[in-house]
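Chemist: Shown below is the structure under consideration.
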Amino acid sequence: MLSTEENELLCRVGPGTPMGKLFRRYWLPALTSSELTEPDCAPIRLRLLGEDLIAFRDTSGKVGLVGEKCSHRRASLFYGRNEEGGLRCIYHGWKYDVAGNILETPVEPPSSMIKHHVKHRAYPCHEVNGLIYAYMGPKEEMPRIPDLPWMTLPADHVYVRQKMVNECNWLQTQEGNVDSTHSGFLHARANQQGAVRRYRTQNNPPTLDIEQTSWGVRAIVSYPAEDGKVFIRTNTFVMPVYTALPNGPSVDGKLDGFNVNTEVPIDDYSTRRFFISIQRSRPIDAAEWDGTSEYFAADGTRLLTRANDYRIDREKQRSKAVYSGIDASAPFQDAAMTETMGGISDRENEHLGVTDTQVVALRRFYLDALQALQQGGRPPGLARSAEADVSYEDLYLASAIISTDRDWKSQIPEVTTHTLAGVR
């Protein structure tokens, strides 16, 4: 369990908070490219780490992420005109570029120097493979873009499947990602097939080995299998907000695809989740991956929420056709658990078990990262130059039946094509 003080330390992400400062040292997924459909399209509202922002794509296609309130009289720039290389406030015509420079102040006299003295709040953006990342920290500490495969593989190998908002604190959704043992219950269905569901059952408890690395925390979850072998599945947390899961197609009998769940704090009580699918050796076929679009209305709002009890079907629950009774994709079953913990879970009153070891390790990793930052050190997984780059060469994924007479890593070449490390 966490103390009340530790829980507050980890969960609060607004400006000036310790965790807010930590997150602001990383490039964070902020929105999908499809939300800004074309140059000079309508701007959109975006809340990130407790800050109200406006995202827009200028005439050249560059993405801007700026403070919502105009620097002149604090009107909302959501209503602004996106035109000719900048976003113009409709109140008095002040115009801003993607870097927050004031381009025009038309109601001021020609001699006015105000546009040279005022800089609007703006955050650098990096767009790649369907996602737009933002850096909200000190300019002098801006890290390199990490060499992670969803940023370095060709665009047709990466598919941003969906995004959704959970009405709860970010840590609850992140902990749900690294909780490897709930799948045999929460996500169980009567008609499931394959090795994953054959061994990850309610009556076959696993053992967990936890590895802490320079970039995150990995669990090697081992389920007993036939002939003295084990079914192993890795669950891999990558700082700051990613969890890589070996779900997806195989090529020539080897694991080749995987999912990445991305948990980004909107504020203390809500989280934006991005679901990314990656195929390493060939272009991705979106039809091979489970979708969630049927659970959203045309305007993108969720159809299964706490207000309608996630449309739980008690008959399907009783028959075990859908063990949870929530007949939807896994993210919505997860939401029913994490959202009903409350806006911020009361972790002082939880009682953890042996198989919660990765949850504990995740919390400790974040607390250690906070301590490193507060003591003037560099948080994990950051690099400022190519010479000091962070290596992801040991960022393995595995989902396979393996022998128990050899270390699991020695068998990786037999079950997966290569590591997650990307090539820039």
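Following the order of the structure tokens, chains are lettered A, B, ..., residues in each are numbered from 1, and ligands are numbered from 1.
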Give me the residues near range 36-38 of chain A as a PDB file with N, CA and C atoms, in the first residue's frame, where near means some atom within 12 Å (using only C-alpha atoms) and where sequence neighbours in that chain fewer than 5 positions away do not count.
Modeler:
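Heads up, here's the output in out-v7.pdb:
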ATOM      1  N   ALA A  30       0.008  13.736 -26.815  1.00  0.00           N
ATOM      2  CA  ALA A  30      -0.984  14.753 -26.472  1.00  0.00           C
ATOM      3  C   ALA A  30      -2.293  14.561 -27.233  1.00  0.00           C
ATOM      4  N   LEU A  31      -2.221  14.255 -28.514  1.00  0.00           N
ATOM      5  CA  LEU A  31      -3.417  14.076 -29.324  1.00  0.00           C
ATOM      6  C   LEU A  31      -3.054  13.308 -30.580  1.00  0.00           C
ATOM      7  N   PRO A  43      -9.241  24.928 -34.629  1.00  0.00           N
ATOM      8  CA  PRO A  43      -8.467  24.549 -33.445  1.00  0.00           C
ATOM      9  C   PRO A  43      -9.307  23.704 -32.503  1.00  0.00           C
ATOM     10  N   ILE A  44      -8.644  22.962 -31.619  1.00  0.00           N
ATOM     11  CA  ILE A  44      -9.364  22.131 -30.656  1.00  0.00           C
ATOM     12  C   ILE A  44      -8.877  22.428 -29.252  1.00  0.00           C
ATOM     13  N   ARG A  45      -9.764  22.216 -28.304  1.00  0.00           N
ATOM     14  CA  ARG A  45      -9.383  22.329 -26.896  1.00  0.00           C
ATOM     15  C   ARG A  45      -8.633  21.073 -26.463  1.00  0.00           C
ATOM     16  N   LEU A  46      -7.682  21.257 -25.567  1.00  0.00           N
ATOM     17  CA  LEU A  46      -6.928  20.127 -25.038  1.00  0.00           C
ATOM     18  C   LEU A  46      -6.507  20.449 -23.615  1.00  0.00           C
ATOM     19  N   ILE A  54      -4.857  24.965 -26.345  1.00  0.00           N
ATOM     20  CA  ILE A  54      -5.479  24.927 -27.665  1.00  0.00           C
ATOM     21  C   ILE A  54      -4.453  24.342 -28.638  1.00  0.00           C
ATOM     22  N   ALA A  55      -4.885  23.345 -29.402  1.00  0.00           N
ATOM     23  CA  ALA A  55      -4.036  22.767 -30.437  1.00  0.00           C
ATOM     24  C   ALA A  55      -4.548  23.214 -31.801  1.00  0.00           C
ATOM     25  N   PHE A  56      -3.614  23.534 -32.712  1.00  0.00           N
ATOM     26  CA  PHE A  56      -4.011  23.929 -34.064  1.00  0.00           C
ATOM     27  C   PHE A  56      -2.905  23.548 -35.044  1.00  0.00           C
ATOM     28  N   ARG A  57      -3.276  23.413 -36.286  1.00  0.00           N
ATOM     29  CA  ARG A  57      -2.326  23.128 -37.363  1.00  0.00           C
ATOM     30  C   ARG A  57      -2.288  24.335 -38.289  1.00  0.00           C
ATOM     31  N   ASP A  58      -1.118  24.931 -38.440  1.00  0.00           N
ATOM     32  CA  ASP A  58      -1.053  26.177 -39.200  1.00  0.00           C
ATOM     33  C   ASP A  58      -1.031  25.917 -40.707  1.00  0.00           C
ATOM     34  N   THR A  59      -0.901  26.963 -41.477  1.00  0.00           N
ATOM     35  CA  THR A  59      -0.994  26.882 -42.928  1.00  0.00           C
ATOM     36  C   THR A  59       0.049  25.955 -43.528  1.00  0.00           C
ATOM     37  N   SER A  60       1.224  25.883 -42.918  1.00  0.00           N
ATOM     38  CA  SER A  60       2.293  25.019 -43.425  1.00  0.00           C
ATOM     39  C   SER A  60       2.164  23.578 -42.938  1.00  0.00           C
ATOM     40  N   GLY A  61       1.196  23.313 -42.047  1.00  0.00           N
ATOM     41  CA  GLY A  61       1.016  21.977 -41.511  1.00  0.00           C
ATOM     42  C   GLY A  61       1.641  21.752 -40.154  1.00  0.00           C
ATOM     43  N   LYS A  62       2.373  22.738 -39.643  1.00  0.00           N
ATOM     44  CA  LYS A  62       2.978  22.600 -38.319  1.00  0.00           C
ATOM     45  C   LYS A  62       1.913  22.647 -37.233  1.00  0.00           C
ATOM     46  N   VAL A  63       2.167  21.885 -36.153  1.00  0.00           N
ATOM     47  CA  VAL A  63       1.219  21.835 -35.047  1.00  0.00           C
ATOM     48  C   VAL A  63       1.658  22.784 -33.941  1.00  0.00           C
ATOM     49  N   GLY A  64       0.697  23.554 -33.426  1.00  0.00           N
ATOM     50  CA  GLY A  64       0.941  24.416 -32.289  1.00  0.00           C
ATOM     51  C   GLY A  64       0.121  23.963 -31.091  1.00  0.00           C
ATOM     52  N   LEU A  65       0.686  24.103 -29.912  1.00  0.00           N
ATOM     53  CA  LEU A  65      -0.025  23.817 -28.667  1.00  0.00           C
ATOM     54  C   LEU A  65       0.217  25.004 -27.750  1.00  0.00           C
ATOM     55  N   ASN A  82      -7.978  30.390 -37.565  1.00  0.00           N
ATOM     56  CA  ASN A  82      -6.726  29.741 -37.940  1.00  0.00           C
ATOM     57  C   ASN A  82      -6.443  30.100 -39.391  1.00  0.00           C
ATOM     58  N   GLU A 127       5.399  15.471 -34.312  1.00  0.00           N
ATOM     59  CA  GLU A 127       4.367  14.617 -34.901  1.00  0.00           C
ATOM     60  C   GLU A 127       5.008  13.468 -35.641  1.00  0.00           C
ATOM     61  N   GLY A 130       1.071   9.164 -36.562  1.00  0.00           N
ATOM     62  CA  GLY A 130      -0.310   9.302 -36.117  1.00  0.00           C
ATOM     63  C   GLY A 130      -0.510   9.909 -34.752  1.00  0.00           C
ATOM     64  N   LEU A 131       0.581  10.241 -34.051  1.00  0.00           N
ATOM     65  CA  LEU A 131       0.465  10.881 -32.741  1.00  0.00           C
ATOM     66  C   LEU A 131       1.254  12.184 -32.720  1.00  0.00           C
ATOM     67  N   ILE A 132       0.761  13.126 -31.925  1.00  0.00           N
ATOM     68  CA  ILE A 132       1.442  14.400 -31.714  1.00  0.00           C
ATOM     69  C   ILE A 132       1.899  14.433 -30.258  1.00  0.00           C
TER      70      ILE A 132
END
Chemist: Give me the residues near Arg302 in chain A as a list in words, where near means some atom within 9 Å (using only C-alpha atoms) and where sequence neighbours in that chain fewer than 3 positions away do not count.
Modeler: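 The residues satisfying every condition are Met164, Val165, Tyr295, Phe296, Ala297 and Thr305 of chain A.
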Chemist: Output as a count of residues only all residues of range 269-302 of chain A that backbone DSSP marks as helix (DSSP H, G or I).
Modeler: 6
Chemist: Name all residues at most 9 Å from Gly342 in chain A (count only C-alpha atoms; drop same-chain ones fewer than 4 positions away) and give them as a PyMOL selection string.
Modeler: chain A and resi 167-169+269+338+346
Chemist: So how far away is CA of Gly381 in chain A from CA of Arg282 in chain A, in Å?
Modeler: 27.5 Å
Chemist: Just asking: which residues within range 59-308 of chain A are strand (DSSP E or B) according to DSSP, as a PyMOL selection string?
Modeler: chain A and resi 63-67+69+76+81-83+86-88+95-96+101-104+119+122-123+125-128+131-135+158-166+189+207-212+216-224+230-238+242-245+250-251+254-255+257-267+270-279+296+302
Chemist: Please list as a list in words every residue within 8 Å of range 213-224 of chain A, counting only C-alpha atoms and excluding residues in the same chain fewer than 6 positions away.
Modeler: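 What passes the distance filter is Ser180, Tyr199, Arg200, Asn204, Pro205, Pro206, Thr207, Val230, Phe231, Ile232, Arg233, Thr234, Asn235, Thr236, Phe237, Val238, Met239, Gln358, Ala361, Leu362, Phe365, Pro380, Gly381, Val390 and Tyr392 of chain A.
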Chemist: Only C-alpha atoms, please: the residues just picked out, written as a compact mmCIF listing (two decimals), in the first residue's frame.
Modeler:
# COMPACT_ATOMS: atom_id res chain seq x y z
CA SER A 180 -1.01 -9.15 -15.34
CA TYR A 199 -2.85 -20.89 -19.57
CA ARG A 200 -3.90 -17.49 -18.23
CA ASN A 204 -3.44 -21.59 -13.01
CA PRO A 205 -1.78 -18.87 -10.92
CA PRO A 206 1.53 -17.57 -12.29
CA THR A 207 4.83 -16.62 -10.74
CA VAL A 230 5.95 -22.71 -18.93
CA PHE A 231 3.94 -20.16 -20.83
CA ILE A 232 5.62 -16.80 -20.32
CA ARG A 233 4.29 -13.38 -21.09
CA THR A 234 6.16 -10.15 -20.51
CA ASN A 235 4.47 -7.02 -19.26
CA THR A 236 6.72 -4.05 -19.95
CA PHE A 237 6.37 -0.55 -18.53
CA VAL A 238 8.41 2.13 -20.28
CA MET A 239 8.87 5.54 -18.69
CA GLN A 358 4.74 -5.27 -10.58
CA ALA A 361 7.58 -2.04 -8.50
CA LEU A 362 5.88 0.55 -10.73
CA PHE A 365 10.05 3.31 -9.90
CA PRO A 380 15.18 7.66 -16.02
CA GLY A 381 14.75 7.18 -19.75
CA VAL A 390 19.16 5.73 -23.66
CA TYR A 392 16.31 0.05 -25.47
Chemist: Which one is closest to Thr4 in chain A: A:Arg347, A:Lys119, A:His92, A:Arg74? Count only C-alpha atoms.
Modeler: A:Arg347
Chemist: From the options A:Ile412, A:Asp299, A:Gly86, A:Leu22, which residue's atoms come nearest to Cys41 in chain A, counting only C-alpha atoms?
Modeler: A:Gly86
Chemist: For range 314-328 of chain A, list every protein, DNA or RNA residue within 8 Å, evaluated using only C-alpha atoms, and leave out those in the same chain fewer than 4 positions away; present the list as a ChimeraX atom specification.
Modeler: /A:185-191,295,310,332-333
Chemist: Write out as a PyMOL selection string which residues come within 12 Å of range 10-18 of chain A when counting only C-alpha atoms, dropping same-chain ones fewer than 6 positions away.
Modeler: chain A and resi 2-4+24-25+47-52+136-137+168-174+264-271+343-347+362-375
Chemist: Work out how far CA of Leu397 in chain A is from CA of Asp256 in chain A, in Å to one decimal.
Modeler: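 Taking CA of Asp256 in chain A and CA of Leu397 in chain A, their separation equals 9.5 Å.
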Chemist: Restricting the calculation to only C-alpha atoms, which member of A:Leu395, A:Asp313, A:Gln279, A:Asp179 is positioned closest to Ala155 in chain A?
Modeler: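 Nearest candidate to Ala155 in chain A out of A:Leu395, A:Asp313, A:Gln279, A:Asp179: A:Gln279.
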Chemist: Between A:Cys89, A:Met337, A:Leu208, A:Leu148, which is the closest to Glu104 in chain A once you count only C-alpha atoms?
Modeler: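 Closest to Glu104 in chain A, using only C-alpha atoms: A:Cys89.
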Chemist: As an exercise, work out the distance from CA of Ile102 in chain A to CA of Lys115 in chain A in Å and give it to one decimal place.
Modeler: 5.3 Å
Chemist: Mind checking which residues fall within 9 Å of Tyr91 in chain A, counting only C-alpha atoms, ignoring those fewer than 4 positions away in the same chain, and posting them as JSON, numbers by chain?
Modeler: {"A": [73, 75, 80]}
Chemist: Would you save the residues from that selection as a PDB file, in the first residue's frame, using C-alpha atoms?
Modeler:
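New file result04.pdb:
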ATOM      1  CA  ARG A  73      -7.584  40.136 -22.430  1.00  0.00           C
ATOM      2  CA  ALA A  75     -10.508  35.426 -24.113  1.00  0.00           C
ATOM      3  CA  GLY A  80      -9.840  31.980 -32.950  1.00  0.00           C
TER       4      GLY A  80
END
